[in-house]
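Encoded as structure tokens, the structure appears first; notes follow it.
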Amino acid sequence: MNNEQLTLLQRIIKGKWIGKGFLALLALAVIWWVGGKALQSPPLFFQQIINGIQLGFVYALIALGYTMVYGIVRLINFAHGDVFMFGAFVSFFSVSQFQLHLWPIKALPSLPPALGIVIGTLSVILLSMVSCAILAMTIERIAYKPLRDAPRISALITAIGVSFFLEYFGALPFVFTPNFITYKRPFDIVTWYIQGGIHRLEAGAEAPPGSVIFSNVLIIIIVVSILLLVGLNYIVRQTKIGKAMRATAYDKPTSRLMGINVDGVISTTFAIGASLAGAAGVLYATAYPQVVFWMGIIPGLKAFVAAVLGGIGSIPGAFVGALIMGQAEVLSAGYISTPMRDAVAFTILILVLLIRPTGIFGEPEREKA
Amino acid sequence: MSKRFLFIISILIVLSLTLGACAQPKPQTLKVAILAPLSGAVPTFGVSTRDGALLAIKEWNAKGGVLGKQIEAIVEDSQCEADPAVNAANKVINQDGVKFIIGEVCSKASIPVSEIAEEKGVVQISPTSTNPNVTLKADGSTKQYVFRACFIDPFQGLVGASFAINELGAKTAFIILDQGNDYVRGLAENFEQAFTQKGGQIVGKETYTSQDTDFSAILAKVAEAKPDVVYLPDYYNIVNLVTAQAKEKGITAPFLGGDGWDSAELDRAAAEGGYYTNHYSDQDTRAIVQQWVKNYQAEYGSVPDALATLAYDAANLLLAAIQNAGTDDPAKVKDAMANIKWEAVSGTITFDQYHNPIKSAVILQVKDGQIQYVTTVAP
């Protein structure tokens, strides 16, 4: 009796037609609701969409690290969010202490200032990416590699331990301190508004009613993210190491038999994922100018949800999932209430796990022989 | 052999010391305990509090003490936590025989201490704990022996609303608050109530959580509502994030907040143009304030902050109450305290029936990267 009920319940949850029907209904309801809000005040709606894009692109960069590492070693690297925090702090120190963003202007005074700032900002991002890559490779070597053949749960718990270590090591007074620190951006904010064309908004001026506002922060986030995504796609699809990564993700023992240096590939994967998180850290701190030792926890969790939503292990999935997460969060914050944004984010996670556990782009887990 | 010899010698030394101490006549002093968080989460608060209170005691001693007795300060580290504060309070009351306590700084430490003080009949004055329960019992009646030197949260909301309407000429306001923070909610609710009572209109109210960093969705609504003033009574870390993002969204309405803004870590570039209510300003032109700033600088080499000032006021109030009572019997001192009228640095203080001070607040503005004194608002 009891058994029968359970199987019936399972069938309802897992049953394909009900699942799909429910999903379609839900999608329709969301589109109906969002469309209604959009018609009420189109400028506010577009403003929220832009805010969501900004957030979504940053999540995408973090989510890619989760998904790549999972694709190769089947490990949810919970320390990833803290690598993101480390990247933000590296850029904070390189900008505030060492004025790294000013080197092109100091070294080459003949350079146009705008170009100098762009190069300087990119150097800051690059330094954070490299530092994070080194950090992640060290973590991988010390904490994860000895557990390569251990049960997956051991590696998962180790990842949580590494995460706590990075947070509370960072909170020590002689490291990052436990304080909230105001982040100094490597460039000045420039704002534009859209109202029958794009106009520059002077500092201290008020935007005209019904206009949509965006700043150079948004542009930098989108441009840097797209560059990194294109670069990642190139590495994974076109290079030898990318091929090795894909082969390792597909079947580790066989790859090793074919002469692929699996440990090297895993290390590289961690490095690439972490460098993306490092770039995300800089962009996030630029958009929301404050750094603190626990700043990686929440964005890390959200990016993880995004990776699961897109199908963990899938690179395009992580990107699409992150954009959806960004919109879902900002729209729920904008039209329901801000405390609801986390509830919505994690409701999405639960729905995905119930209805389509492999995510949007994910493939069902292959049975390993 | 030599070990035993050393042992005997040390016993003799200890005995001679203790006996010698007994033999000396005890000077008549009045003991006052200072409970301050010298370690823990907010050590800078503790140091300021201790220094402010000690300076007050030093000044009284220089004038000949109180009731003809010199005042002896006993400083204990209470760590801004309930357990260490309770231990410190028990120690000073039971071992040192103290009848008067200045402290603690944090409400969560002051509340358990106040329960001990009330039970043992020891007069306690907290310089800075704003939670109403510091002076109130669970049944809502006032703890007879417990006072505070700072105004409580609701008052700041009221002052903020009067300032927005009377001085800024605001007609509409937008409130942004953290629903999970009692301090923020207290200020926001009282601002809303006072602002609407005075004829203003609240055009929007949005909440966030303390871990939020992205305020773009809320600020998009603020930009659309175009309020005359935005009320944001949170701590400096949230203020830094919100005001920085507001500048990018082309929001020019001034932000208004409470004493949570009062920090060296406030991002003055982002908060430029914002106002906040506070207990005191070192730029206040009243003579007593300038004298205090001068004395503090001479003693410690820095400008006193609000914590040092309130601790100074608390110590002065306590000693003046003892003076007025004419005795160090806590039961008489508490009555003298309840009826006191004392010109303190943070305003002329009288106590209401809940032992909360009735006094003025100052409005400060972030202007040209500096914190500037704007005006003093009486309740």
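Identifiers in the structure tokens: chain A, B, ... in order shown; residue index from 1 per chain; ligand index from 1 in order shown.
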Could you write out, as a PyMOL selection string, all the residues of range 54-197 of chain B that DSSP marks as strand (DSSP E)? chain B and resi 70-77+100-102+123-126+146-148+172-178
So that I can check the surroundings of range 294-301 of chain A, please list as a PyMOL selection string every protein, DNA and RNA residue that reaches within 10 Å of it, counting only C-alpha atoms and ignoring chain neighbours fewer than 5 positions away. (chain A and resi 55+58-59+62-63+66+77-88+163-164+166-168+170-171+178+180+277+280-281+284-285+306-307+342+345-346) or (chain B and resi 211-213)
Sorted by chain and rising residue number, which residues of chain B lie within 10 Å of chain A, and what are their closest atom pairs and distances in Å to one decimal, counting only C-alpha atoms, as a tab-separated table?
residue	atom	partner	partner_atom	distance
B:Ala41	CA	A:Pro178	CA	9.8
B:Asp178	CA	A:Pro339	CA	9.1
B:Gln179	CA	A:Pro339	CA	8.8
B:Gly180	CA	A:Pro339	CA	9.8
B:Glu206	CA	A:Ser337	CA	7.2
B:Thr207	CA	A:Thr338	CA	6.0
B:Tyr208	CA	A:Thr338	CA	5.1
B:Thr209	CA	A:Pro339	CA	6.0
B:Ser210	CA	A:Pro339	CA	9.7
B:Gln211	CA	A:Ile298	CA	7.9
B:Asp212	CA	A:Ile298	CA	8.7
B:Thr213	CA	A:Tyr288	CA	6.2
B:Asp214	CA	A:Tyr288	CA	6.5
B:Phe215	CA	A:Tyr288	CA	8.6
B:Ser216	CA	A:Asn51	CA	6.1
B:Ala217	CA	A:Gly334	CA	4.8
B:Ile218	CA	A:Gly334	CA	6.2
B:Leu219	CA	A:Gly334	CA	9.1
B:Ala220	CA	A:Leu44	CA	6.7
B:Lys221	CA	A:Leu44	CA	7.3
B:Ala223	CA	A:Ala207	CA	8.1
B:Glu224	CA	A:Pro209	CA	7.0
B:Ala225	CA	A:Pro209	CA	9.4
B:Lys226	CA	A:Pro209	CA	8.6
B:Tyr236	CA	A:Phe180	CA	9.0
B:Asn237	CA	A:Phe180	CA	6.2
B:Ile238	CA	A:Gln290	CA	9.3
B:Asn240	CA	A:Thr182	CA	7.4
B:Leu241	CA	A:Tyr288	CA	6.3
B:Val242	CA	A:Tyr288	CA	8.7
B:Ala244	CA	A:Pro289	CA	7.4
B:Gln245	CA	A:Tyr288	CA	7.2
B:Lys247	CA	A:Gly204	CA	7.4
B:Glu248	CA	A:Thr191	CA	6.4
B:Lys249	CA	A:Ile213	CA	6.3
B:Gly250	CA	A:Glu206	CA	5.0
B:Ile251	CA	A:Glu206	CA	6.0
B:Thr252	CA	A:Glu206	CA	5.7
B:Ala253	CA	A:Glu206	CA	8.7
B:Glu265	CA	A:Ile181	CA	7.5
B:Leu266	CA	A:Thr182	CA	8.3
B:Asp267	CA	A:Thr182	CA	6.7
B:Ala270	CA	A:Thr182	CA	9.9
Spatial neighbours of range 263-270 of chain A, max dist 9 Å, only C-alpha atoms, sep filter under 3 positions, as number ranges by chain: A: 65, 68-69, 72-73, 133, 136-138, 140-141, 145, 241-242, 244-245, 248, 260, 273-275
If you run DSSP on this backbone, which residues of range 70-263 of chain A come out as helix (DSSP H, G or I), and could you give them as a PyMOL selection string? chain A and resi 70-73+80-96+100-107+113-147+152-170+216-238+240-250+252-257+262-263
